[in-house]
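Note: the block below is my_file.pdb and it holds PDB, C-alpha atoms.
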```pdb
MODEL        1
ATOM      1  CA  MET D  66       9.669 -25.876  16.074  1.00  0.00           C
ATOM      2  CA  LYS D  67       8.990 -23.827  12.939  1.00  0.00           C
ATOM      3  CA  ILE D  68       6.452 -21.086  13.753  1.00  0.00           C
ATOM      4  CA  SER D  69       4.962 -18.324  11.588  1.00  0.00           C
ATOM      5  CA  ILE D  70       3.017 -15.269  12.701  1.00  0.00           C
ATOM      6  CA  GLN D  71       0.293 -13.205  11.030  1.00  0.00           C
ATOM      7  CA  ILE D  72      -0.349  -9.629  12.205  1.00  0.00           C
ATOM      8  CA  ASN D  73      -3.531  -7.854  11.121  1.00  0.00           C
ATOM      9  CA  GLU D  74      -3.288  -4.527  12.953  1.00  0.00           C
ATOM     10  CA  GLY D  75      -0.940  -1.554  12.861  1.00  0.00           C
ATOM     11  CA  PRO D  76       1.298  -0.297  15.681  1.00  0.00           C
ATOM     12  CA  TYR D  77       0.245   1.847  18.674  1.00  0.00           C
ATOM     13  CA  GLN D  78      -3.539   1.670  18.082  1.00  0.00           C
ATOM     14  CA  HIS D  79      -3.940  -2.026  18.898  1.00  0.00           C
ATOM     15  CA  GLN D  80      -1.937  -4.395  21.068  1.00  0.00           C
ATOM     16  CA  ALA D  81      -1.641  -7.032  18.330  1.00  0.00           C
ATOM     17  CA  SER D  82       1.820  -6.083  17.079  1.00  0.00           C
ATOM     18  CA  ASP D  83       3.213  -5.732  20.627  1.00  0.00           C
ATOM     19  CA  SER D  84       1.797  -9.122  21.625  1.00  0.00           C
ATOM     20  CA  ALA D  85       3.160 -10.722  18.473  1.00  0.00           C
ATOM     21  CA  TYR D  86       6.600  -9.195  19.029  1.00  0.00           C
ATOM     22  CA  GLN D  87       6.782 -10.439  22.626  1.00  0.00           C
ATOM     23  CA  PHE D  88       5.636 -13.869  21.429  1.00  0.00           C
ATOM     24  CA  ALA D  89       8.239 -13.956  18.635  1.00  0.00           C
ATOM     25  CA  LYS D  90      11.011 -12.865  20.985  1.00  0.00           C
ATOM     26  CA  ALA D  91      10.075 -15.546  23.522  1.00  0.00           C
ATOM     27  CA  ALA D  92       9.868 -18.223  20.798  1.00  0.00           C
ATOM     28  CA  ILE D  93      13.351 -17.333  19.518  1.00  0.00           C
ATOM     29  CA  ALA D  94      14.696 -17.290  23.096  1.00  0.00           C
ATOM     30  CA  LYS D  95      13.352 -20.805  23.563  1.00  0.00           C
ATOM     31  CA  GLY D  96      15.187 -22.008  20.443  1.00  0.00           C
ATOM     32  CA  HIS D  97      12.262 -22.093  18.020  1.00  0.00           C
ATOM     33  CA  GLU D  98      12.482 -20.783  14.460  1.00  0.00           C
ATOM     34  CA  ILE D  99      10.262 -17.929  13.317  1.00  0.00           C
ATOM     35  CA  PHE D 100       9.870 -18.936   9.670  1.00  0.00           C
ATOM     36  CA  ARG D 101       7.972 -15.832   8.594  1.00  0.00           C
ATOM     37  CA  VAL D 102       5.998 -12.892   9.983  1.00  0.00           C
ATOM     38  CA  PHE D 103       3.246 -11.839   7.578  1.00  0.00           C
ATOM     39  CA  PHE D 104       1.821  -8.324   7.912  1.00  0.00           C
ATOM     40  CA  TYR D 105      -1.710  -8.154   6.540  1.00  0.00           C
ATOM     41  CA  HIS D 106      -4.537  -5.561   6.489  1.00  0.00           C
ATOM     42  CA  ASP D 107      -3.579  -2.566   8.708  1.00  0.00           C
ATOM     43  CA  GLY D 108      -0.647  -4.670   9.933  1.00  0.00           C
ATOM     44  CA  VAL D 109       1.317  -3.345   6.945  1.00  0.00           C
ATOM     45  CA  ASN D 110       1.767  -0.086   8.882  1.00  0.00           C
ATOM     46  CA  ASN D 111       4.277  -1.898  11.111  1.00  0.00           C
ATOM     47  CA  ALA D 112       6.764  -1.693   8.224  1.00  0.00           C
ATOM     48  CA  SER D 113       7.132   2.083   7.843  1.00  0.00           C
ATOM     49  CA  ARG D 114      10.734   3.263   8.088  1.00  0.00           C
ATOM     50  CA  PHE D 115       9.456   6.790   8.834  1.00  0.00           C
ATOM     51  CA  THR D 116       8.000   5.849  12.228  1.00  0.00           C
ATOM     52  CA  VAL D 117       9.302   8.255  14.910  1.00  0.00           C
ATOM     53  CA  PRO D 118       7.677   7.630  18.316  1.00  0.00           C
ATOM     54  CA  PRO D 119       8.581   9.798  21.350  1.00  0.00           C
ATOM     55  CA  GLN D 120      11.953   8.920  22.922  1.00  0.00           C
ATOM     56  CA  ASP D 121      10.409   7.322  25.998  1.00  0.00           C
ATOM     57  CA  ASP D 122       8.174   5.028  23.928  1.00  0.00           C
ATOM     58  CA  ARG D 123       9.081   1.773  22.224  1.00  0.00           C
ATOM     59  CA  ASN D 124       9.762   1.867  18.490  1.00  0.00           C
ATOM     60  CA  ILE D 125       7.674  -1.060  17.291  1.00  0.00           C
ATOM     61  CA  VAL D 126       9.023  -0.955  13.720  1.00  0.00           C
ATOM     62  CA  ASN D 127      12.639  -1.020  14.898  1.00  0.00           C
ATOM     63  CA  GLN D 128      11.855  -3.778  17.408  1.00  0.00           C
ATOM     64  CA  TRP D 129      10.676  -5.969  14.549  1.00  0.00           C
ATOM     65  CA  ALA D 130      13.653  -4.958  12.408  1.00  0.00           C
ATOM     66  CA  GLU D 131      16.066  -5.856  15.211  1.00  0.00           C
ATOM     67  CA  LEU D 132      14.671  -9.394  15.424  1.00  0.00           C
ATOM     68  CA  ASP D 133      16.315  -9.657  11.983  1.00  0.00           C
ATOM     69  CA  ILE D 134      14.197 -12.571  10.758  1.00  0.00           C
ATOM     70  CA  LYS D 135      15.716 -13.787   7.487  1.00  0.00           C
ATOM     71  CA  ASN D 136      15.714 -16.948   5.385  1.00  0.00           C
ATOM     72  CA  ALA D 137      18.719 -19.009   4.300  1.00  0.00           C
ATOM     73  CA  ALA D 138      19.147 -16.774   1.240  1.00  0.00           C
ATOM     74  CA  GLY D 139      19.430 -13.727   3.522  1.00  0.00           C
ATOM     75  CA  GLU D 140      16.098 -12.215   2.463  1.00  0.00           C
ATOM     76  CA  PRO D 141      13.874 -10.647   5.138  1.00  0.00           C
ATOM     77  CA  GLU D 142      11.053 -12.886   6.338  1.00  0.00           C
ATOM     78  CA  LEU D 143       9.128  -9.909   7.684  1.00  0.00           C
ATOM     79  CA  VAL D 144       6.717  -9.935   4.746  1.00  0.00           C
ATOM     80  CA  VAL D 145       4.241  -7.180   3.947  1.00  0.00           C
ATOM     81  CA  CYS D 146       1.136  -7.950   1.874  1.00  0.00           C
ATOM     82  CA  ILE D 147       1.517  -6.008  -1.372  1.00  0.00           C
ATOM     83  CA  ALA D 148      -2.196  -5.321  -1.986  1.00  0.00           C
ATOM     84  CA  ALA D 149      -2.814  -4.256   1.623  1.00  0.00           C
ATOM     85  CA  ALA D 150       0.332  -2.098   1.564  1.00  0.00           C
ATOM     86  CA  LEU D 151      -0.102  -0.249  -1.717  1.00  0.00           C
ATOM     87  CA  ARG D 152      -3.667   0.820  -1.024  1.00  0.00           C
ATOM     88  CA  ARG D 153      -2.506   2.263   2.336  1.00  0.00           C
ATOM     89  CA  GLY D 154       0.424   4.236   0.901  1.00  0.00           C
ATOM     90  CA  MET D 155       3.047   1.730   2.020  1.00  0.00           C
ATOM     91  CA  ILE D 156       5.415   1.221  -0.920  1.00  0.00           C
ATOM     92  CA  ASP D 157       8.941   0.012  -1.637  1.00  0.00           C
ATOM     93  CA  ALA D 158      11.370   1.392  -4.204  1.00  0.00           C
ATOM     94  CA  SER D 159      10.464  -1.154  -6.887  1.00  0.00           C
ATOM     95  CA  GLU D 160       6.708  -0.561  -6.657  1.00  0.00           C
ATOM     96  CA  ALA D 161       7.252   3.203  -6.421  1.00  0.00           C
ATOM     97  CA  GLY D 162       9.135   3.033  -9.737  1.00  0.00           C
ATOM     98  CA  LYS D 163       6.361   1.041 -11.401  1.00  0.00           C
ATOM     99  CA  ASN D 164       3.680   3.415 -10.146  1.00  0.00           C
ATOM    100  CA  GLY D 165       5.508   6.702 -10.768  1.00  0.00           C
ATOM    101  CA  ILE D 166       5.721   7.617  -7.086  1.00  0.00           C
ATOM    102  CA  ASP D 167       8.704   9.696  -5.909  1.00  0.00           C
ATOM    103  CA  GLY D 168       9.443   7.977  -2.615  1.00  0.00           C
ATOM    104  CA  ASN D 169       9.266   4.766  -0.653  1.00  0.00           C
ATOM    105  CA  ASN D 170       8.739   3.945   2.994  1.00  0.00           C
ATOM    106  CA  ILE D 171       9.179   0.199   3.590  1.00  0.00           C
ATOM    107  CA  HIS D 172      11.879  -0.430   6.206  1.00  0.00           C
ATOM    108  CA  PRO D 173      14.780  -2.449   4.686  1.00  0.00           C
ATOM    109  CA  ALA D 174      14.270  -5.257   7.249  1.00  0.00           C
ATOM    110  CA  PHE D 175      10.883  -5.941   5.606  1.00  0.00           C
ATOM    111  CA  ARG D 176       9.941  -6.960   2.081  1.00  0.00           C
ATOM    112  CA  ILE D 177       6.749  -6.599   0.065  1.00  0.00           C
ATOM    113  CA  SER D 178       5.225  -9.734  -1.435  1.00  0.00           C
ATOM    114  CA  GLY D 179       1.949 -11.451  -2.185  1.00  0.00           C
ATOM    115  CA  LEU D 180      -0.662 -13.355  -0.222  1.00  0.00           C
ATOM    116  CA  GLY D 181       0.862 -16.611  -1.469  1.00  0.00           C
ATOM    117  CA  GLN D 182       3.598 -15.996   1.098  1.00  0.00           C
ATOM    118  CA  LEU D 183       1.023 -16.333   3.884  1.00  0.00           C
ATOM    119  CA  ILE D 184      -0.283 -19.593   2.443  1.00  0.00           C
ATOM    120  CA  GLU D 185       3.252 -20.903   2.053  1.00  0.00           C
ATOM    121  CA  ALA D 186       4.048 -19.923   5.652  1.00  0.00           C
ATOM    122  CA  GLY D 187       1.019 -21.930   6.753  1.00  0.00           C
ATOM    123  CA  ILE D 188       2.207 -24.952   4.785  1.00  0.00           C
ATOM    124  CA  GLN D 189       5.903 -24.759   5.676  1.00  0.00           C
ATOM    125  CA  SER D 190       5.448 -24.007   9.385  1.00  0.00           C
ATOM    126  CA  GLU D 191       4.268 -26.357  12.103  1.00  0.00           C
ATOM    127  CA  ARG D 192       2.269 -23.535  13.708  1.00  0.00           C
ATOM    128  CA  LEU D 193       0.703 -20.280  12.466  1.00  0.00           C
ATOM    129  CA  VAL D 194      -0.329 -17.843  15.178  1.00  0.00           C
ATOM    130  CA  VAL D 195      -2.605 -14.903  14.291  1.00  0.00           C
ATOM    131  CA  PHE D 196      -2.601 -11.588  16.148  1.00  0.00           C
ATOM    132  CA  GLY D 197      -5.423  -9.203  15.297  1.00  0.00           C
ATOM    133  CA  ASP D 198      -8.188  -7.139  16.779  1.00  0.00           C
TER
ATOM    134  CA  MET Y 214      -6.105 -27.060  19.974  1.00  0.00           C
ATOM    135  CA  LEU Y 215      -5.158 -23.772  21.568  1.00  0.00           C
ATOM    136  CA  HIS Y 216      -7.743 -20.982  21.447  1.00  0.00           C
ATOM    137  CA  THR Y 217      -6.621 -17.430  22.194  1.00  0.00           C
ATOM    138  CA  VAL Y 218      -9.256 -14.857  23.122  1.00  0.00           C
ATOM    139  CA  ASN Y 219      -8.190 -11.207  23.136  1.00  0.00           C
ATOM    140  CA  LYS Y 220     -11.442  -9.341  23.806  1.00  0.00           C
ATOM    141  CA  SER Y 221     -13.320  -8.559  27.007  1.00  0.00           C
ATOM    142  CA  VAL Y 222     -16.706 -10.259  27.330  1.00  0.00           C
ATOM    143  CA  PHE Y 223     -18.118  -6.757  27.760  1.00  0.00           C
ATOM    144  CA  GLU Y 224     -16.906  -5.756  24.296  1.00  0.00           C
ATOM    145  CA  ARG Y 225     -17.518  -8.779  22.058  1.00  0.00           C
ATOM    146  CA  ASN Y 226     -18.927 -12.261  22.317  1.00  0.00           C
ATOM    147  CA  SER Y 227     -15.784 -13.985  21.059  1.00  0.00           C
ATOM    148  CA  LEU Y 228     -15.273 -15.874  24.337  1.00  0.00           C
ATOM    149  CA  GLN Y 229     -18.810 -17.252  24.154  1.00  0.00           C
ATOM    150  CA  SER Y 230     -18.321 -18.176  20.488  1.00  0.00           C
ATOM    151  CA  CYS Y 231     -15.100 -19.933  21.428  1.00  0.00           C
ATOM    152  CA  LEU Y 232     -16.779 -21.829  24.287  1.00  0.00           C
ATOM    153  CA  ASN Y 233     -19.594 -22.895  21.962  1.00  0.00           C
ATOM    154  CA  THR Y 234     -17.087 -24.342  19.529  1.00  0.00           C
ATOM    155  CA  ILE Y 235     -14.192 -25.972  21.360  1.00  0.00           C
ATOM    156  CA  ASP Y 236     -13.773 -29.697  21.848  1.00  0.00           C
ATOM    157  CA  ASP Y 237     -12.881 -31.582  25.028  1.00  0.00           C
ATOM    158  CA  SER Y 238      -9.139 -31.487  24.454  1.00  0.00           C
ATOM    159  CA  SER Y 239      -8.856 -27.756  23.743  1.00  0.00           C
ATOM    160  CA  VAL Y 240      -7.404 -25.141  26.065  1.00  0.00           C
ATOM    161  CA  ILE Y 241      -8.086 -21.397  26.196  1.00  0.00           C
ATOM    162  CA  LEU Y 242      -5.473 -18.672  26.625  1.00  0.00           C
ATOM    163  CA  LEU Y 243      -6.800 -15.221  27.537  1.00  0.00           C
ATOM    164  CA  ILE Y 244      -4.598 -12.404  26.222  1.00  0.00           C
ATOM    165  CA  GLU Y 245      -4.879  -8.606  25.900  1.00  0.00           C
ATOM    166  CA  ASP Y 246      -8.393  -7.474  26.976  1.00  0.00           C
ATOM    167  CA  GLY Y 247      -9.428 -11.139  27.033  1.00  0.00           C
ATOM    168  CA  VAL Y 248      -7.922 -11.365  30.530  1.00  0.00           C
ATOM    169  CA  ILE Y 249     -10.879  -9.309  31.849  1.00  0.00           C
ATOM    170  CA  SER Y 250     -12.815 -12.581  31.708  1.00  0.00           C
ATOM    171  CA  ALA Y 251     -10.359 -14.060  34.202  1.00  0.00           C
ATOM    172  CA  ALA Y 252     -11.395 -11.565  36.905  1.00  0.00           C
ATOM    173  CA  LYS Y 253     -13.898 -12.536  39.591  1.00  0.00           C
ATOM    174  CA  HIS Y 254     -17.309 -10.891  39.381  1.00  0.00           C
ATOM    175  CA  THR Y 255     -17.105 -10.416  35.616  1.00  0.00           C
ATOM    176  CA  LYS Y 256     -18.287 -13.298  33.488  1.00  0.00           C
ATOM    177  CA  SER Y 257     -15.650 -15.669  34.768  1.00  0.00           C
ATOM    178  CA  ALA Y 258     -18.378 -18.166  35.714  1.00  0.00           C
ATOM    179  CA  LEU Y 259     -18.469 -18.971  31.992  1.00  0.00           C
ATOM    180  CA  LEU Y 260     -14.990 -20.419  32.426  1.00  0.00           C
ATOM    181  CA  ALA Y 261     -15.380 -22.069  35.841  1.00  0.00           C
ATOM    182  CA  ASP Y 262     -15.746 -25.672  34.644  1.00  0.00           C
ATOM    183  CA  LEU Y 263     -12.943 -25.422  32.114  1.00  0.00           C
ATOM    184  CA  ALA Y 264     -10.706 -23.670  34.649  1.00  0.00           C
ATOM    185  CA  ALA Y 265     -11.385 -26.388  37.214  1.00  0.00           C
ATOM    186  CA  ALA Y 266     -10.192 -28.859  34.586  1.00  0.00           C
ATOM    187  CA  GLY Y 267      -6.961 -26.872  34.237  1.00  0.00           C
ATOM    188  CA  ARG Y 268      -7.751 -25.738  30.709  1.00  0.00           C
ATOM    189  CA  VAL Y 269      -7.847 -21.930  31.122  1.00  0.00           C
ATOM    190  CA  PHE Y 270      -4.703 -19.821  30.996  1.00  0.00           C
ATOM    191  CA  ALA Y 271      -4.181 -16.045  31.135  1.00  0.00           C
ATOM    192  CA  LEU Y 272      -1.170 -14.016  30.039  1.00  0.00           C
ATOM    193  CA  GLN Y 273       0.454 -12.644  33.178  1.00  0.00           C
ATOM    194  CA  GLY Y 274       1.701  -9.345  31.714  1.00  0.00           C
ATOM    195  CA  ASP Y 275      -1.745  -8.482  30.387  1.00  0.00           C
ATOM    196  CA  VAL Y 276      -3.352  -9.440  33.730  1.00  0.00           C
ATOM    197  CA  GLU Y 277      -0.941  -7.178  35.619  1.00  0.00           C
ATOM    198  CA  ALA Y 278      -1.324  -4.312  33.129  1.00  0.00           C
ATOM    199  CA  ARG Y 279      -5.070  -4.316  33.805  1.00  0.00           C
ATOM    200  CA  GLY Y 280      -4.756  -4.456  37.590  1.00  0.00           C
ATOM    201  CA  ILE Y 281      -6.622  -7.710  38.106  1.00  0.00           C
ATOM    202  CA  SER Y 282      -3.851  -9.882  39.600  1.00  0.00           C
ATOM    203  CA  SER Y 283      -5.549  -9.827  43.028  1.00  0.00           C
ATOM    204  CA  LYS Y 284      -9.015 -10.446  41.566  1.00  0.00           C
ATOM    205  CA  LEU Y 285      -8.385 -13.585  39.542  1.00  0.00           C
ATOM    206  CA  ALA Y 286     -11.099 -16.223  39.444  1.00  0.00           C
ATOM    207  CA  ASP Y 287     -10.217 -19.661  40.826  1.00  0.00           C
ATOM    208  CA  ASN Y 288      -8.049 -22.107  38.874  1.00  0.00           C
ATOM    209  CA  ILE Y 289      -6.912 -19.675  36.158  1.00  0.00           C
ATOM    210  CA  LYS Y 290      -3.298 -20.510  35.323  1.00  0.00           C
ATOM    211  CA  LEU Y 291      -0.965 -17.584  34.640  1.00  0.00           C
ATOM    212  CA  VAL Y 292       1.686 -17.876  31.924  1.00  0.00           C
ATOM    213  CA  ASP Y 293       4.324 -15.488  30.575  1.00  0.00           C
ATOM    214  CA  TYR Y 294       5.173 -15.196  26.846  1.00  0.00           C
ATOM    215  CA  GLU Y 295       7.433 -18.230  27.071  1.00  0.00           C
ATOM    216  CA  GLY Y 296       4.473 -20.103  28.536  1.00  0.00           C
ATOM    217  CA  PHE Y 297       2.403 -18.829  25.596  1.00  0.00           C
ATOM    218  CA  VAL Y 298       4.997 -20.321  23.226  1.00  0.00           C
ATOM    219  CA  ASP Y 299       4.881 -23.627  25.126  1.00  0.00           C
ATOM    220  CA  LEU Y 300       1.070 -23.726  24.805  1.00  0.00           C
ATOM    221  CA  VAL Y 301       1.355 -23.155  21.039  1.00  0.00           C
ATOM    222  CA  VAL Y 302       3.900 -25.958  20.779  1.00  0.00           C
ATOM    223  CA  GLU Y 303       1.997 -28.422  22.983  1.00  0.00           C
ATOM    224  CA  HIS Y 304      -1.545 -27.955  21.724  1.00  0.00           C
ATOM    225  CA  GLY Y 305      -1.252 -28.065  17.931  1.00  0.00           C
ATOM    226  CA  THR Y 306      -3.290 -25.709  15.803  1.00  0.00           C
ATOM    227  CA  ALA Y 307      -3.705 -22.253  17.344  1.00  0.00           C
ATOM    228  CA  VAL Y 308      -7.021 -20.472  16.731  1.00  0.00           C
ATOM    229  CA  SER Y 309      -7.238 -16.721  17.393  1.00  0.00           C
ATOM    230  CA  TRP Y 310     -10.684 -15.424  18.331  1.00  0.00           C
ATOM    231  CA  VAL Y 311     -10.343 -11.753  17.469  1.00  0.00           C
TER
ENDMDL
END
```

structure tokens encoding of this file:
Amino acid sequence: MKISIQINEGPYQHQASDSAYQFAKAAIAKGHEIFRVFFYHDGVNNASRFTVPPQDDRNIVNQWAELDIKNAAGEPELVVCIAAALRRGMIDASEAGKNGIDGNNIHPAFRISGLGQLIEAGIQSERLVVFGD
Amino acid sequence: MLHTVNKSVFERNSLQSCLNTIDDSSVILLIEDGVISAAKHTKSALLADLAAAGRVFALQGDVEARGISSKLADNIKLVDYEGFVDLVVEHGTAVSWV
């Protein structure tokens, strides 16, 4: 079955991203397709490539990256809401260029896009499961 | 429909809101702090009728993490994450009460 996931909270403060990750991993293990994971609101903080947790703690960002969820064209389907991201200082190279900012922090396994991607995920998938707080 | 509840009844009233809303074919999955409602002597009486009908599930890892495995109310069914996936597949639209 084609399943999409929406995550509304960042890592380490809330359980939402951990729950969603365990759910996604189990769904893939059972042979389902994760069509897209959409990171919204504070959930955009799950996409920072600068995350460095202590060595004995899980790295939530890398866990998501290692699931390696991509579409047929090879683009990441870990999608970060652009409006939620930019206002929180989460930015990719393209947006950094447009906004005159000298750095970027979106992990390469993720991509920034618009809210339309969430709507499309809802239409294209047979299930949309929301994890928030 | 599948309704997930992730908050303790002592923190928010999302479980009560869910119970006020669901139809006769819906099932409830308690996750995260929502599993507190699956413990005896909390507010688990709210769920007694639904649980007796086999329509209340709780996520095993979250139950164990909160130390309430030995205090579960009657008829609560434990599932792991694969069971969570099965519930999503079997019950159609998933509603998250957050």

Kindly determine which residues of chain D lie within 6 Å of chain Y, considering all atoms listed in the file, and give the answer as a short mmCIF file (atom, residue, chain, number, x, y, z; two decimals) with C-alpha atoms, keeping the file's coordinate frame.
```
data_model
loop_
_atom_site.label_atom_id
_atom_site.label_comp_id
_atom_site.auth_asym_id
_atom_site.auth_seq_id
_atom_site.Cartn_x
_atom_site.Cartn_y
_atom_site.Cartn_z
CA PHE D 88 5.64 -13.87 21.43
CA ALA D 91 10.07 -15.55 23.52
CA ALA D 92 9.87 -18.22 20.80
CA VAL D 194 -0.33 -17.84 15.18
CA VAL D 195 -2.60 -14.90 14.29
CA GLY D 197 -5.42 -9.20 15.30
CA ASP D 198 -8.19 -7.14 16.78
#
```

**Item:** Answer key for the PyMOL selection byres ((chain D and resi 160-164) around 12), residues as a count of residues only
**Value:** 21

Which protein, DNA or RNA residues have an atom at most 8 Å from (-9.9, -18.5, 38.4), counting only C-alpha atoms? List them as a PDB file with C-alpha atoms, keeping the file's coordinate frame.
```
ATOM      1  CA  ALA Y 251     -10.359 -14.060  34.202  1.00  0.00           C
ATOM      2  CA  ALA Y 252     -11.395 -11.565  36.905  1.00  0.00           C
ATOM      3  CA  LYS Y 253     -13.898 -12.536  39.591  1.00  0.00           C
ATOM      4  CA  SER Y 257     -15.650 -15.669  34.768  1.00  0.00           C
ATOM      5  CA  ALA Y 261     -15.380 -22.069  35.841  1.00  0.00           C
ATOM      6  CA  ALA Y 264     -10.706 -23.670  34.649  1.00  0.00           C
ATOM      7  CA  LEU Y 285      -8.385 -13.585  39.542  1.00  0.00           C
ATOM      8  CA  ALA Y 286     -11.099 -16.223  39.444  1.00  0.00           C
ATOM      9  CA  ASP Y 287     -10.217 -19.661  40.826  1.00  0.00           C
ATOM     10  CA  ASN Y 288      -8.049 -22.107  38.874  1.00  0.00           C
ATOM     11  CA  ILE Y 289      -6.912 -19.675  36.158  1.00  0.00           C
ATOM     12  CA  LYS Y 290      -3.298 -20.510  35.323  1.00  0.00           C
TER      13      LYS Y 290
END
```

**Request:** Would you mind reading off the distance between atom CA of Cys146 of chain D and atom CA of Asn111 of chain D, one decimal, in Å?
**Result:**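 About the pair atom CA of Cys146 of chain D and atom CA of Asn111 of chain D: they are 11.5 Å apart.
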
**Å distance separating atom CA of Asp133 of chain D from atom CA of Asp121 of chain D, one decimal place** = 22.8 Å

**Selection dump of the PyMOL selection byres ((chain Y and resi 242) around 6), as an MDAnalysis selection string** = chainID Y and resid 217 241 243 270:271

**Prompt:** In Å to one decimal, how far is atom CA of Ser69 of chain D from atom CA of Gln182 of chain D?
**Reply:**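 Here the two named atoms are 10.8 Å from each other.
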
**Asked** Which is closer to Gln78 of chain D than all the others in D:Asn110, D:His97, D:Pro173, D:Arg153, using all atoms listed in the file?
**Response**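 That would be D:Asn110, the residue with the smallest distance to Gln78 of chain D.
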
**Request:** Write out as a PyMOL selection string which residues come within 12 Å of Thr255 of chain Y when counting all atoms listed in the file, dropping same-chain ones fewer than 3 positions away.
**Result:** chain Y and resi 221-223+247-252+258-261+281+284-286

**Prompt:** List as an NGL selection string: which residues have an atom within 12 Å of (9.4, -18.9, 8.9), counting all atoms listed in the file?
**Reply:** :D and (66-71 or 89 or 92-93 or 97-103 or 133-137 or 140-144 or 182-194)

**Request:** For each of Y:Val218, Y:Ala265, Y:Leu228, Y:Val240, take the minimum atom-to-atom distance to Leu300 of chain Y, counting only C-alpha atoms, then give the residue where this is smallest.
**Result:**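 Looking only at the distances to Leu300 of chain Y, the closest residue turns out to be Y:Val240.
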
**Request:** List, as number ranges by chain, every residue that the PyMOL selection byres ((chain D and resi 116) around 12) selects in the file provided.
**Result:** D: 75-77, 110-115, 117-120, 122-128, 170-172

Can you spit out the residues from that selection as a CSV table (one decimal), keeping the file's coordinate frame, using C-alpha atoms?
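Result file part.csv:
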```csv
chain,number,residue,atom,x,y,z
D,75,GLY,CA,-0.9,-1.6,12.9
D,76,PRO,CA,1.3,-0.3,15.7
D,77,TYR,CA,0.2,1.8,18.7
D,110,ASN,CA,1.8,-0.1,8.9
D,111,ASN,CA,4.3,-1.9,11.1
D,112,ALA,CA,6.8,-1.7,8.2
D,113,SER,CA,7.1,2.1,7.8
D,114,ARG,CA,10.7,3.3,8.1
D,115,PHE,CA,9.5,6.8,8.8
D,117,VAL,CA,9.3,8.3,14.9
D,118,PRO,CA,7.7,7.6,18.3
D,119,PRO,CA,8.6,9.8,21.4
D,120,GLN,CA,12.0,8.9,22.9
D,122,ASP,CA,8.2,5.0,23.9
D,123,ARG,CA,9.1,1.8,22.2
D,124,ASN,CA,9.8,1.9,18.5
D,125,ILE,CA,7.7,-1.1,17.3
D,126,VAL,CA,9.0,-1.0,13.7
D,127,ASN,CA,12.6,-1.0,14.9
D,128,GLN,CA,11.9,-3.8,17.4
D,170,ASN,CA,8.7,3.9,3.0
D,171,ILE,CA,9.2,0.2,3.6
D,172,HIS,CA,11.9,-0.4,6.2
```
